[in-house]
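Peer 1: Got a structure for you, model-v2.cif, holding mmCIF, C-alpha atoms and all ligand atoms.
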```
data_model
#
loop_
_atom_site.group_PDB
_atom_site.id
_atom_site.type_symbol
_atom_site.label_atom_id
_atom_site.label_comp_id
_atom_site.auth_asym_id
_atom_site.auth_seq_id
_atom_site.Cartn_x
_atom_site.Cartn_y
_atom_site.Cartn_z
ATOM 1 C CA MET A 1 -36.418 -43.228 1.530
ATOM 2 C CA LYS A 2 -36.420 -41.250 4.761
ATOM 3 C CA ILE A 3 -33.565 -42.338 6.974
ATOM 4 C CA HIS A 4 -32.884 -41.003 10.455
ATOM 5 C CA ILE A 5 -29.274 -41.167 11.584
ATOM 6 C CA VAL A 6 -29.082 -40.858 15.361
ATOM 7 C CA GLY A 7 -25.656 -39.553 16.379
ATOM 8 C CA GLY A 8 -23.408 -36.976 14.748
ATOM 9 C CA GLY A 9 -20.078 -38.700 15.429
ATOM 10 C CA ALA A 10 -17.746 -40.084 12.781
ATOM 11 C CA ILE A 11 -19.771 -43.210 11.972
ATOM 12 C CA GLY A 12 -23.062 -41.271 11.966
ATOM 13 C CA LEU A 13 -21.770 -38.565 9.632
ATOM 14 C CA LEU A 14 -20.172 -41.133 7.321
ATOM 15 C CA HIS A 15 -23.447 -43.058 6.931
ATOM 16 C CA ALA A 16 -25.498 -39.879 6.659
ATOM 17 C CA GLY A 17 -23.155 -38.392 4.057
ATOM 18 C CA LEU A 18 -22.958 -41.459 1.834
ATOM 19 C CA LEU A 19 -26.717 -42.119 2.019
ATOM 20 C CA ALA A 20 -27.636 -38.481 1.321
ATOM 21 C CA GLN A 21 -25.155 -38.381 -1.560
ATOM 22 C CA ALA A 22 -26.967 -41.410 -3.030
ATOM 23 C CA GLY A 23 -30.255 -39.463 -2.991
ATOM 24 C CA GLN A 24 -31.836 -40.673 0.264
ATOM 25 C CA GLU A 25 -33.722 -38.202 2.457
ATOM 26 C CA VAL A 26 -31.456 -38.140 5.491
ATOM 27 C CA THR A 27 -31.996 -36.446 8.858
ATOM 28 C CA VAL A 28 -29.142 -36.390 11.359
ATOM 29 C CA TRP A 29 -30.153 -36.236 15.044
ATOM 30 C CA THR A 30 -27.384 -34.749 17.158
ATOM 31 C CA ARG A 31 -26.859 -34.305 20.883
ATOM 32 C CA THR A 32 -26.351 -30.540 20.645
ATOM 33 C CA ASP A 33 -28.348 -27.738 18.995
ATOM 34 C CA GLU A 34 -25.114 -26.191 17.847
ATOM 35 C CA GLN A 35 -24.066 -29.192 15.752
ATOM 36 C CA ALA A 36 -27.598 -29.579 14.317
ATOM 37 C CA LYS A 37 -27.597 -25.918 13.215
ATOM 38 C CA ARG A 38 -24.214 -26.268 11.503
ATOM 39 C CA LEU A 39 -25.256 -29.450 9.704
ATOM 40 C CA GLN A 40 -28.596 -27.978 8.611
ATOM 41 C CA ALA A 41 -26.939 -24.805 7.304
ATOM 42 C CA GLU A 42 -23.722 -26.154 5.785
ATOM 43 C CA GLY A 43 -24.276 -29.888 5.277
ATOM 44 C CA ILE A 44 -21.777 -32.659 5.885
ATOM 45 C CA ARG A 45 -18.235 -32.200 4.587
ATOM 46 C CA LEU A 46 -17.382 -35.752 3.507
ATOM 47 C CA GLU A 47 -13.809 -36.622 2.594
ATOM 48 C CA MET A 48 -13.945 -39.764 0.521
ATOM 49 C CA LEU A 49 -11.380 -42.581 0.480
ATOM 50 C CA ASP A 50 -9.774 -41.044 -2.636
ATOM 51 C CA GLY A 51 -9.235 -37.754 -0.757
ATOM 52 C CA VAL A 52 -11.926 -35.821 -2.644
ATOM 53 C CA ALA A 53 -14.120 -33.755 -0.293
ATOM 54 C CA ARG A 54 -17.742 -32.768 -0.931
ATOM 55 C CA ASP A 55 -20.388 -30.802 0.953
ATOM 56 C CA ILE A 56 -23.583 -32.848 1.167
ATOM 57 C CA ALA A 57 -26.921 -31.345 2.222
ATOM 58 C CA VAL A 58 -28.828 -33.087 5.030
ATOM 59 C CA ASN A 59 -31.613 -32.216 7.462
ATOM 60 C CA SER A 60 -30.519 -32.026 11.053
ATOM 61 C CA HIS A 61 -32.143 -31.514 14.448
ATOM 62 C CA SER A 62 -31.001 -31.980 18.016
ATOM 63 C CA LEU A 63 -32.241 -34.997 19.979
ATOM 64 C CA PRO A 64 -33.358 -32.802 22.932
ATOM 65 C CA SER A 65 -35.716 -30.945 20.559
ATOM 66 C CA LEU A 66 -37.659 -34.196 20.137
ATOM 67 C CA LEU A 67 -38.735 -34.150 23.778
ATOM 68 C CA ALA A 68 -38.978 -30.396 24.215
ATOM 69 C CA GLY A 69 -42.194 -30.140 22.212
ATOM 70 C CA GLN A 70 -40.735 -27.055 20.532
ATOM 71 C CA ALA A 71 -39.371 -28.937 17.620
ATOM 72 C CA GLY A 72 -41.276 -27.366 14.728
ATOM 73 C CA GLN A 73 -39.751 -28.950 11.669
ATOM 74 C CA ALA A 74 -38.033 -31.523 13.915
ATOM 75 C CA GLY A 75 -41.401 -32.648 15.232
ATOM 76 C CA ALA A 76 -42.788 -32.889 11.733
ATOM 77 C CA ASP A 77 -39.815 -34.947 10.579
ATOM 78 C CA ALA A 78 -40.240 -37.302 13.500
ATOM 79 C CA GLU A 79 -43.985 -37.662 12.990
ATOM 80 C CA HIS A 80 -43.686 -38.814 9.427
ATOM 81 C CA ALA A 81 -41.439 -41.529 10.749
ATOM 82 C CA ALA A 82 -38.748 -42.989 8.573
ATOM 83 C CA ALA A 83 -38.762 -46.571 7.566
ATOM 84 C CA TRP A 84 -35.262 -46.831 9.008
ATOM 85 C CA ILE A 85 -33.428 -45.323 11.959
ATOM 86 C CA ILE A 86 -29.683 -45.983 12.186
ATOM 87 C CA LEU A 87 -28.312 -45.656 15.709
ATOM 88 C CA THR A 88 -24.651 -44.675 15.690
ATOM 89 C CA VAL A 89 -24.104 -43.188 19.154
ATOM 90 C CA LYS A 90 -21.518 -44.653 21.510
ATOM 91 C CA GLN A 91 -22.679 -47.209 24.074
ATOM 92 C CA CYS A 92 -22.236 -44.745 26.942
ATOM 93 C CA HIS A 93 -24.875 -42.474 25.390
ATOM 94 C CA ILE A 94 -27.618 -45.115 25.360
ATOM 95 C CA ASP A 95 -29.276 -43.907 28.564
ATOM 96 C CA GLU A 96 -32.866 -43.322 29.707
ATOM 97 C CA ARG A 97 -33.044 -39.969 27.929
ATOM 98 C CA LEU A 98 -31.923 -41.384 24.616
ATOM 99 C CA LEU A 99 -34.344 -44.304 24.976
ATOM 100 C CA HIS A 100 -37.210 -41.795 25.383
ATOM 101 C CA GLN A 101 -35.999 -39.865 22.360
ATOM 102 C CA LEU A 102 -35.893 -43.076 20.327
ATOM 103 C CA GLN A 103 -39.418 -43.973 21.468
ATOM 104 C CA ARG A 104 -40.561 -40.609 20.134
ATOM 105 C CA LEU A 105 -38.649 -40.965 16.890
ATOM 106 C CA SER A 106 -39.638 -44.529 16.108
ATOM 107 C CA SER A 107 -43.361 -43.991 16.839
ATOM 108 C CA GLY A 108 -44.137 -47.636 16.191
ATOM 109 C CA LYS A 109 -43.565 -47.869 12.468
ATOM 110 C CA SER A 110 -39.833 -47.846 12.117
ATOM 111 C CA ALA A 111 -37.021 -50.325 12.060
ATOM 112 C CA LEU A 112 -33.903 -49.569 14.048
ATOM 113 C CA LEU A 113 -30.415 -50.649 13.002
ATOM 114 C CA CYS A 114 -27.825 -50.485 15.805
ATOM 115 C CA LEU A 115 -24.155 -50.078 14.894
ATOM 116 C CA GLN A 116 -22.488 -50.062 18.319
ATOM 117 C CA ASN A 117 -19.216 -51.680 19.335
ATOM 118 C CA GLY A 118 -19.419 -54.042 22.278
ATOM 119 C CA ILE A 119 -22.396 -55.772 23.873
ATOM 120 C CA GLY A 120 -25.289 -55.013 26.227
ATOM 121 C CA HIS A 121 -27.161 -52.413 24.199
ATOM 122 C CA MET A 122 -29.501 -54.696 22.230
ATOM 123 C CA ASP A 123 -31.334 -56.050 25.292
ATOM 124 C CA LYS A 124 -31.727 -52.527 26.641
ATOM 125 C CA LEU A 125 -33.167 -51.284 23.331
ATOM 126 C CA ALA A 126 -35.459 -54.306 22.934
ATOM 127 C CA ALA A 127 -36.944 -53.669 26.390
ATOM 128 C CA ALA A 128 -37.471 -49.942 25.749
ATOM 129 C CA LEU A 129 -38.815 -50.266 22.193
ATOM 130 C CA PRO A 130 -41.069 -53.345 22.161
ATOM 131 C CA GLY A 131 -42.943 -52.196 19.039
ATOM 132 C CA THR A 132 -39.873 -51.464 16.945
ATOM 133 C CA LEU A 133 -38.208 -53.909 14.581
ATOM 134 C CA LEU A 134 -34.710 -54.189 15.960
ATOM 135 C CA TYR A 135 -31.662 -55.002 13.850
ATOM 136 C CA ALA A 136 -28.116 -55.570 15.057
ATOM 137 C CA GLY A 137 -25.301 -54.405 12.815
ATOM 138 C CA VAL A 138 -21.533 -54.680 12.718
ATOM 139 C CA THR A 139 -19.489 -52.317 10.609
ATOM 140 C CA SER A 140 -15.791 -52.381 9.872
ATOM 141 C CA ALA A 141 -15.808 -49.072 8.015
ATOM 142 C CA GLY A 142 -13.308 -46.568 9.351
ATOM 143 C CA ALA A 143 -14.186 -42.890 9.839
ATOM 144 C CA ARG A 144 -12.684 -39.942 11.674
ATOM 145 C CA ARG A 145 -14.333 -36.671 12.559
ATOM 146 C CA ILE A 146 -12.076 -33.791 11.569
ATOM 147 C CA ASP A 147 -13.967 -30.995 13.325
ATOM 148 C CA ASP A 148 -16.593 -30.753 16.052
ATOM 149 C CA ALA A 149 -19.571 -30.438 13.773
ATOM 150 C CA ARG A 150 -19.641 -31.554 10.166
ATOM 151 C CA HIS A 151 -16.328 -32.646 8.674
ATOM 152 C CA VAL A 152 -15.740 -36.397 8.466
ATOM 153 C CA ARG A 153 -13.041 -38.435 6.746
ATOM 154 C CA HIS A 154 -13.725 -41.939 5.432
ATOM 155 C CA THR A 155 -10.544 -43.731 6.526
ATOM 156 C CA GLY A 156 -11.217 -47.334 5.628
ATOM 157 C CA ASP A 157 -13.525 -49.524 3.630
ATOM 158 C CA GLY A 158 -15.031 -52.524 5.427
ATOM 159 C CA PRO A 159 -18.121 -54.742 5.351
ATOM 160 C CA LEU A 160 -21.366 -53.852 7.109
ATOM 161 C CA TRP A 161 -23.379 -56.879 8.254
ATOM 162 C CA PHE A 162 -26.847 -56.626 9.714
ATOM 163 C CA GLY A 163 -29.684 -58.900 10.727
ATOM 164 C CA ALA A 164 -32.818 -59.093 12.841
ATOM 165 C CA TYR A 165 -32.216 -59.219 16.587
ATOM 166 C CA ALA A 166 -35.174 -61.578 17.096
ATOM 167 C CA GLU A 167 -36.097 -64.060 14.379
ATOM 168 C CA ASP A 168 -39.833 -63.508 14.933
ATOM 169 C CA LYS A 169 -39.509 -59.726 14.645
ATOM 170 C CA LYS A 170 -38.351 -58.830 11.180
ATOM 171 C CA ASP A 171 -39.629 -57.516 7.899
ATOM 172 C CA ASP A 172 -38.096 -59.039 4.783
ATOM 173 C CA ASN A 173 -39.159 -56.181 2.508
ATOM 174 C CA LEU A 174 -37.820 -53.491 4.807
ATOM 175 C CA GLN A 175 -34.502 -55.231 5.337
ATOM 176 C CA ASN A 176 -34.013 -55.850 1.612
ATOM 177 C CA LEU A 177 -34.864 -52.227 0.912
ATOM 178 C CA LEU A 178 -32.173 -51.066 3.343
ATOM 179 C CA LEU A 179 -29.685 -53.567 1.933
ATOM 180 C CA ASN A 180 -30.176 -52.222 -1.600
ATOM 181 C CA ILE A 181 -30.023 -48.622 -0.446
ATOM 182 C CA LEU A 182 -26.782 -49.236 1.460
ATOM 183 C CA LYS A 183 -25.235 -50.999 -1.521
ATOM 184 C CA SER A 184 -26.207 -48.250 -3.931
ATOM 185 C CA ALA A 185 -24.636 -45.719 -1.524
ATOM 186 C CA GLY A 186 -21.337 -47.619 -1.782
ATOM 187 C CA PHE A 187 -21.418 -49.747 1.379
ATOM 188 C CA ARG A 188 -20.254 -53.357 1.229
ATOM 189 C CA ALA A 189 -23.437 -54.406 3.014
ATOM 190 C CA GLY A 190 -24.803 -57.880 3.619
ATOM 191 C CA LEU A 191 -27.653 -59.527 5.514
ATOM 192 C CA SER A 192 -26.745 -62.116 8.104
ATOM 193 C CA ASN A 193 -28.683 -64.471 10.333
ATOM 194 C CA GLU A 194 -25.589 -65.100 12.416
ATOM 195 C CA MET A 195 -25.391 -61.701 14.036
ATOM 196 C CA LYS A 196 -24.493 -62.952 17.505
ATOM 197 C CA ASP A 197 -21.428 -64.603 16.021
ATOM 198 C CA ARG A 198 -20.470 -61.512 14.006
ATOM 199 C CA ILE A 199 -20.916 -59.264 17.052
ATOM 200 C CA TYR A 200 -18.700 -61.602 19.093
ATOM 201 C CA GLN A 201 -16.021 -61.727 16.363
ATOM 202 C CA LYS A 202 -15.894 -57.920 16.299
ATOM 203 C CA LEU A 203 -15.977 -57.807 20.112
ATOM 204 C CA LEU A 204 -12.950 -60.096 20.199
ATOM 205 C CA ILE A 205 -10.988 -57.751 17.914
ATOM 206 C CA ASN A 206 -12.044 -54.661 19.888
ATOM 207 C CA ALA A 207 -11.334 -56.356 23.241
ATOM 208 C CA VAL A 208 -7.708 -56.945 22.229
ATOM 209 C CA ILE A 209 -6.833 -53.808 20.236
ATOM 210 C CA ASN A 210 -8.854 -51.042 21.903
ATOM 211 C CA PRO A 211 -7.800 -51.251 25.578
ATOM 212 C CA LEU A 212 -4.142 -51.966 24.821
ATOM 213 C CA THR A 213 -3.781 -49.106 22.317
ATOM 214 C CA ALA A 214 -5.395 -46.837 24.936
ATOM 215 C CA ILE A 215 -3.129 -48.045 27.764
ATOM 216 C CA TYR A 216 0.074 -47.921 25.690
ATOM 217 C CA ASP A 217 -0.949 -44.823 23.708
ATOM 218 C CA THR A 218 -0.009 -46.398 20.373
ATOM 219 C CA THR A 219 -1.541 -46.575 16.927
ATOM 220 C CA ASN A 220 -3.103 -49.907 15.922
ATOM 221 C CA GLY A 221 -0.061 -50.696 13.762
ATOM 222 C CA GLU A 222 2.498 -49.978 16.500
ATOM 223 C CA LEU A 223 0.706 -52.122 19.088
ATOM 224 C CA PRO A 224 2.113 -55.548 18.063
ATOM 225 C CA GLU A 225 5.561 -54.153 17.288
ATOM 226 C CA HIS A 226 6.914 -54.546 20.825
ATOM 227 C CA PRO A 227 7.353 -58.148 22.073
ATOM 228 C CA SER A 228 5.842 -57.523 25.520
ATOM 229 C CA ARG A 229 2.813 -55.781 24.030
ATOM 230 C CA LEU A 230 2.428 -58.641 21.545
ATOM 231 C CA LYS A 231 2.542 -61.151 24.418
ATOM 232 C CA LEU A 232 -0.175 -59.294 26.294
ATOM 233 C CA MET A 233 -2.294 -59.045 23.132
ATOM 234 C CA ARG A 234 -2.023 -62.813 22.698
ATOM 235 C CA SER A 235 -2.980 -63.519 26.334
ATOM 236 C CA LEU A 236 -5.963 -61.146 26.151
ATOM 237 C CA PHE A 237 -6.984 -62.791 22.881
ATOM 238 C CA GLU A 238 -6.796 -66.303 24.422
ATOM 239 C CA GLU A 239 -8.813 -65.324 27.499
ATOM 240 C CA THR A 240 -11.463 -63.432 25.514
ATOM 241 C CA SER A 241 -11.917 -66.042 22.788
ATOM 242 C CA ALA A 242 -12.327 -68.788 25.421
ATOM 243 C CA ILE A 243 -15.067 -66.748 27.166
ATOM 244 C CA LEU A 244 -16.891 -65.928 23.928
ATOM 245 C CA ALA A 245 -16.618 -69.538 22.729
ATOM 246 C CA ALA A 246 -18.091 -70.698 26.052
ATOM 247 C CA ASP A 247 -21.036 -68.379 25.335
ATOM 248 C CA GLY A 248 -21.610 -69.832 21.877
ATOM 249 C CA MET A 249 -19.213 -68.059 19.485
ATOM 250 C CA LYS A 250 -18.144 -70.388 16.694
ATOM 251 C CA SER A 251 -14.404 -70.379 17.181
ATOM 252 C CA ALA A 252 -12.645 -69.133 14.093
ATOM 253 C CA ALA A 253 -9.387 -70.991 13.460
ATOM 254 C CA ASP A 254 -7.842 -67.801 12.137
ATOM 255 C CA GLY A 255 -9.079 -65.498 14.947
ATOM 256 C CA TRP A 256 -5.602 -64.394 16.008
ATOM 257 C CA GLN A 257 -4.572 -63.767 12.390
ATOM 258 C CA LEU A 258 -7.660 -61.602 12.012
ATOM 259 C CA VAL A 259 -6.593 -59.428 14.956
ATOM 260 C CA MET A 260 -3.132 -59.043 13.420
ATOM 261 C CA GLN A 261 -4.668 -58.257 10.020
ATOM 262 C CA VAL A 262 -6.852 -55.514 11.531
ATOM 263 C CA CYS A 263 -3.741 -53.985 13.163
ATOM 264 C CA ALA A 264 -1.971 -54.038 9.782
ATOM 265 C CA ALA A 265 -4.964 -52.781 7.766
ATOM 266 C CA THR A 266 -5.584 -49.905 10.191
ATOM 267 C CA ALA A 267 -1.889 -49.398 11.036
ATOM 268 C CA THR A 268 -1.884 -45.603 11.077
ATOM 269 C CA ASN A 269 -5.282 -45.328 12.833
ATOM 270 C CA VAL A 270 -5.812 -44.460 16.433
ATOM 271 C CA SER A 271 -8.419 -46.852 17.895
ATOM 272 C CA SER A 272 -11.753 -45.376 18.933
ATOM 273 C CA MET A 273 -10.842 -46.001 22.588
ATOM 274 C CA LEU A 274 -7.499 -44.223 22.412
ATOM 275 C CA SER A 275 -9.162 -41.403 20.528
ATOM 276 C CA ASP A 276 -11.775 -41.099 23.332
ATOM 277 C CA VAL A 277 -9.060 -41.132 26.011
ATOM 278 C CA ARG A 278 -7.040 -38.464 24.205
ATOM 279 C CA ALA A 279 -10.126 -36.268 23.868
ATOM 280 C CA GLY A 280 -11.101 -36.763 27.546
ATOM 281 C CA ARG A 281 -14.352 -38.534 26.576
ATOM 282 C CA HIS A 282 -15.910 -41.586 28.205
ATOM 283 C CA THR A 283 -14.755 -44.775 26.533
ATOM 284 C CA GLU A 284 -16.721 -47.919 25.642
ATOM 285 C CA ILE A 285 -14.599 -50.060 28.001
ATOM 286 C CA ASP A 286 -17.652 -51.121 30.066
ATOM 287 C CA TRP A 287 -19.327 -52.595 26.975
ATOM 288 C CA ILE A 288 -16.174 -54.118 25.449
ATOM 289 C CA ASN A 289 -13.849 -55.677 28.061
ATOM 290 C CA GLY A 290 -16.357 -54.953 30.845
ATOM 291 C CA GLY A 291 -18.957 -56.769 28.724
ATOM 292 C CA VAL A 292 -16.629 -59.757 28.311
ATOM 293 C CA SER A 293 -16.024 -59.839 32.097
ATOM 294 C CA GLY A 294 -19.806 -59.736 32.645
ATOM 295 C CA LEU A 295 -20.300 -62.734 30.322
ATOM 296 C CA ALA A 296 -17.510 -64.606 32.111
ATOM 297 C CA ARG A 297 -19.153 -63.990 35.496
ATOM 298 C CA ARG A 298 -22.488 -65.243 34.148
ATOM 299 C CA ILE A 299 -20.895 -68.406 32.771
ATOM 300 C CA GLY A 300 -18.775 -68.916 35.893
ATOM 301 C CA ILE A 301 -15.272 -68.545 34.484
ATOM 302 C CA ALA A 302 -12.470 -66.179 35.438
ATOM 303 C CA SER A 303 -11.540 -63.130 33.343
ATOM 304 C CA PRO A 304 -8.502 -61.590 35.087
ATOM 305 C CA LEU A 305 -7.081 -59.801 32.052
ATOM 306 C CA ASN A 306 -10.393 -58.323 30.918
ATOM 307 C CA ASP A 307 -11.024 -57.200 34.515
ATOM 308 C CA ALA A 308 -7.571 -55.624 34.702
ATOM 309 C CA VAL A 309 -7.703 -53.690 31.417
ATOM 310 C CA THR A 310 -11.208 -52.458 32.320
ATOM 311 C CA THR A 311 -9.872 -51.032 35.583
ATOM 312 C CA LEU A 312 -6.804 -49.534 33.904
ATOM 313 C CA VAL A 313 -8.715 -47.833 31.080
ATOM 314 C CA LYS A 314 -11.299 -46.397 33.478
ATOM 315 C CA GLN A 315 -8.461 -44.519 35.156
ATOM 316 C CA LEU A 316 -7.371 -42.952 31.876
ATOM 317 C CA HIS A 317 -10.453 -40.775 31.490
HETATM 318 O O1 LIG B 401 -13.080 -50.912 15.629
HETATM 319 C C1 LIG B 401 -12.003 -50.447 15.943
HETATM 320 C C2 LIG B 401 -12.022 -49.313 16.878
HETATM 321 O O2 LIG B 401 -11.106 -48.519 16.891
HETATM 322 O O3 LIG B 401 -13.014 -49.210 17.621
HETATM 323 C C3 LIG B 401 -10.736 -51.074 15.437
HETATM 324 C C4 LIG B 401 -11.085 -52.332 14.685
HETATM 325 C C5 LIG B 401 -9.809 -51.406 16.562
HETATM 326 C C6 LIG B 401 -10.030 -50.201 14.442
HETATM 327 O O4 LIG B 401 -9.429 -49.091 14.996
#
```
What would you get if you wrote out this structure as structure tokens?
Ligand code: KPL

Peer 2:
Amino acid sequence: MKIHIVGGGAIGLLHAGLLAQAGQEVTVWTRTDEQAKRLQAEGIRLEMLDGVARDIAVNSHSLPSLLAGQAGQAGADAEHAAAWIILTVKQCHIDERLLHQLQRLSSGKSALLCLQNGIGHMDKLAAALPGTLLYAGVTSAGARRIDDARHVRHTGDGPLWFGAYAEDKKDDNLQNLLLNILKSAGFRAGLSNEMKDRIYQKLLINAVINPLTAIYDTTNGELPEHPSRLKLMRSLFEETSAILAADGMKSAADGWQLVMQVCAATATNVSSMLSDVRAGRHTEIDWINGGVSGLARRIGIASPLNDAVTTLVKQLH
């Protein structure tokens, strides 16, 4: 099946590489011409969990070429639209320009799976793409980009859950097709009709680990090792879980243990937020802790810790 991967970051290249390796016809849409040229010419260098690295051929074009009308092969690829588009860009890149590019790419007959951290993007995408079947996804797979263009390392196995954003806007055949394709490519994928809950559970983990690793400049494993950091993690966890529960998250009895387990399972990893700060990139703070603060305001409860870490992280980049 034709699959468009939008975004050439670590998660995009990981999904593109594994799906192309499993025989799917994958096109990677990147933000720069330079990256698209490298991917088209040399393929994705995918380092698997066992350390073995392979070069995997994919098609690649830049997103700007979609709107420039000069796309040639890019235009042709977009016209014969894929059944599935997988959106892997960071939240901060979902702007008006990208929405136009997605309108062009989806051309009415595609389904779009969104794999972003945080909240806020699904409403924006639903408004911009009324004719597209929209699916929300949550992935716990770990990936790190090793160079600027094509080399990605798979750093951790984790489930990928996805489900329709609106119950009345889904296609059972299409979603089952994607599920089978993901499984045969090696993903631990599953369909869920509790996506809001899954998004909130992941948001809770990200809202505790990401800002504090960025502020303290620690790996995920080092974060809970100092008693004062652990205390702050716990307070941020309590505040965030109360806000998310007030907005309908089913409270998991073992929520705190889950946060600690993620720190242990990804002990040597640098969180995506710390990695953005170190590289001088914009972080997803506005859609993670900023998103939690926004929910709290809407519900009418206070969110002092989420407000504070949002302000602190914004000053790091
Ligand atoms: O999702 C993550 C991230 O870094 O964004 C965690 C779970 C914190 C793992 O690093």

Peer 1: Just so the selection is clear, what residues does the PyMOL selection byres (((chain A and resi 269-277) around 10) and not hetatm) cover here, as a VMD selection string?

Peer 2: chain A and resid 117 142 to 144 155 to 156 206 209 to 222 263 to 268 278 to 285 313 to 317

Peer 1: Would you kindly translate the PyMOL selection byres (((chain A and resi 115) around 12) and not hetatm) into the concrete residues it picks from this file, as a PyMOL selection string?

Peer 2: chain A and resi 5-7+11-12+15+85-91+112-114+116-119+121-122+134-141+160-163+195+199+202

Peer 1: Please list as a ChimeraX atom specification every residue within 8 Å of segment 38-45 of chain A, counting only C-alpha atoms and excluding residues in the same chain fewer than 4 positions away.

Peer 2: /A:13,17,34,53-61,149-152

Peer 1: For those residues, write C-alpha atoms to a file as a tab-separated table (two decimals), in the frame of the given file.

Peer 2:
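Output saved as again_35.tsv:
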```tsv
chain	number	residue	atom	x	y	z
A	13	LEU	CA	-21.77	-38.56	9.63
A	17	GLY	CA	-23.16	-38.39	4.06
A	34	GLU	CA	-25.11	-26.19	17.85
A	53	ALA	CA	-14.12	-33.76	-0.29
A	54	ARG	CA	-17.74	-32.77	-0.93
A	55	ASP	CA	-20.39	-30.80	0.95
A	56	ILE	CA	-23.58	-32.85	1.17
A	57	ALA	CA	-26.92	-31.34	2.22
A	58	VAL	CA	-28.83	-33.09	5.03
A	59	ASN	CA	-31.61	-32.22	7.46
A	60	SER	CA	-30.52	-32.03	11.05
A	61	HIS	CA	-32.14	-31.51	14.45
A	149	ALA	CA	-19.57	-30.44	13.77
A	150	ARG	CA	-19.64	-31.55	10.17
A	151	HIS	CA	-16.33	-32.65	8.67
A	152	VAL	CA	-15.74	-36.40	8.47
```

Peer 1: Expand the PyMOL selection byres (((chain A and resi 185) around 12) and not hetatm) into the individual residues it matches in the shown file, reporting them as a short mmCIF file (atom, residue, chain, number, x, y, z; two decimals) with C-alpha atoms, in the frame of the given file.

Peer 2:
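Result written to out-v9.cif:
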```
data_model
loop_
_atom_site.label_atom_id
_atom_site.label_comp_id
_atom_site.auth_asym_id
_atom_site.auth_seq_id
_atom_site.Cartn_x
_atom_site.Cartn_y
_atom_site.Cartn_z
CA LEU A 14 -20.17 -41.13 7.32
CA HIS A 15 -23.45 -43.06 6.93
CA ALA A 16 -25.50 -39.88 6.66
CA GLY A 17 -23.16 -38.39 4.06
CA LEU A 18 -22.96 -41.46 1.83
CA LEU A 19 -26.72 -42.12 2.02
CA ALA A 20 -27.64 -38.48 1.32
CA GLN A 21 -25.16 -38.38 -1.56
CA ALA A 22 -26.97 -41.41 -3.03
CA GLY A 23 -30.26 -39.46 -2.99
CA GLN A 24 -31.84 -40.67 0.26
CA LEU A 178 -32.17 -51.07 3.34
CA LEU A 179 -29.68 -53.57 1.93
CA ASN A 180 -30.18 -52.22 -1.60
CA ILE A 181 -30.02 -48.62 -0.45
CA LEU A 182 -26.78 -49.24 1.46
CA LYS A 183 -25.24 -51.00 -1.52
CA SER A 184 -26.21 -48.25 -3.93
CA GLY A 186 -21.34 -47.62 -1.78
CA PHE A 187 -21.42 -49.75 1.38
CA ARG A 188 -20.25 -53.36 1.23
CA ALA A 189 -23.44 -54.41 3.01
#
```

Peer 1: Which distance in Å separates atom CA of Gly8 of chain A and atom CA of Ala207 of chain A, to one decimal?

Peer 2: 24.4 Å

Peer 1: Using only C-alpha atoms and all ligand atoms, find the one residue out of A:Ala10, A:Leu66, A:Asn306, A:Ile301 that sits nearest to ligand LIG 401 (chain B).

Peer 2: A:Ala10

Peer 1: Which residue gives the smallest distance to Asp286 of chain A among A:Leu312, A:Leu46, A:Ala128, A:Cys92, with all atoms listed in the file counted?

Peer 2: A:Cys92

Peer 1: Could the centre and edge lengths of an axis-aligned box, enclosing all atoms of ligand LIG 401 (chain B) in the file with 3 Å extra on each side, be given in Å to one decimal as AutoDock Vina command-line options?

Peer 2:
```
--center_x -11.3 --center_y -50.4 --center_z 16.0 --size_x 9.7 --size_y 9.8 --size_z 9.2
```

Peer 1: Using only C-alpha atoms and all ligand atoms for the distances, tell me which of A:Leu295, A:Ala111, A:Met249, A:Leu203 is nearest to ligand LIG 401 (chain B).

Peer 2: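 Between A:Leu295, A:Ala111, A:Met249, A:Leu203, the residue approaching ligand LIG 401 (chain B) most closely is A:Leu203.
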
Peer 1: Between A:Gln201, A:Ser235, A:Ser293, A:Thr240, single out the one closest to ligand LIG 401 (chain B), counting only C-alpha atoms and all ligand atoms.

Peer 2: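 Looking at the shortest contact to ligand LIG 401 (chain B), the residue is A:Gln201.
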
Peer 1: Looking at all atoms listed in the file, which of A:Gly158, A:Glu225, A:Asn173, A:Val309 is the one that sits closest to ligand LIG 401 (chain B)?

Peer 2: A:Gly158

Peer 1: Between A:Leu125, A:Leu258, A:Ile243, A:Ala302, which one has atoms that come closest to ligand LIG 401 (chain B), using only C-alpha atoms and all ligand atoms?

Peer 2: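 Smallest distance to ligand LIG 401 (chain B) is found for A:Leu258.
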
Peer 1: Which distance in Å separates atom CA of Leu244 of chain A and atom CA of His226 of chain A, to one decimal?

Peer 2: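 About the pair atom CA of Leu244 of chain A and atom CA of His226 of chain A: they are 26.6 Å apart.
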
Peer 1: Rounded to one decimal place, report the atom CA of Trp29 of chain A-atom CA of Gly131 of chain A distance in Å.

Peer 2: 20.8 Å

Peer 1: I need segment 192-203 of chain A written out with C-alpha atoms, as a short mmCIF file (atom, residue, chain, number, x, y, z; two decimals), in the first residue's frame; please produce it.

Peer 2:
```cif
data_model
loop_
_atom_site.label_atom_id
_atom_site.label_comp_id
_atom_site.auth_asym_id
_atom_site.auth_seq_id
_atom_site.Cartn_x
_atom_site.Cartn_y
_atom_site.Cartn_z
CA SER A 192 -8.46 1.51 20.49
CA ASN A 193 -11.75 3.30 20.97
CA GLU A 194 -10.43 4.96 24.10
CA MET A 195 -7.96 7.27 22.42
CA LYS A 196 -8.72 10.31 24.58
CA ASP A 197 -7.75 8.27 27.62
CA ARG A 198 -4.58 6.93 25.99
CA ILE A 199 -3.57 10.42 24.84
CA TYR A 200 -4.09 11.72 28.39
CA GLN A 201 -2.09 8.85 29.93
CA LYS A 202 0.83 9.61 27.61
CA LEU A 203 0.40 13.35 28.23
#
```
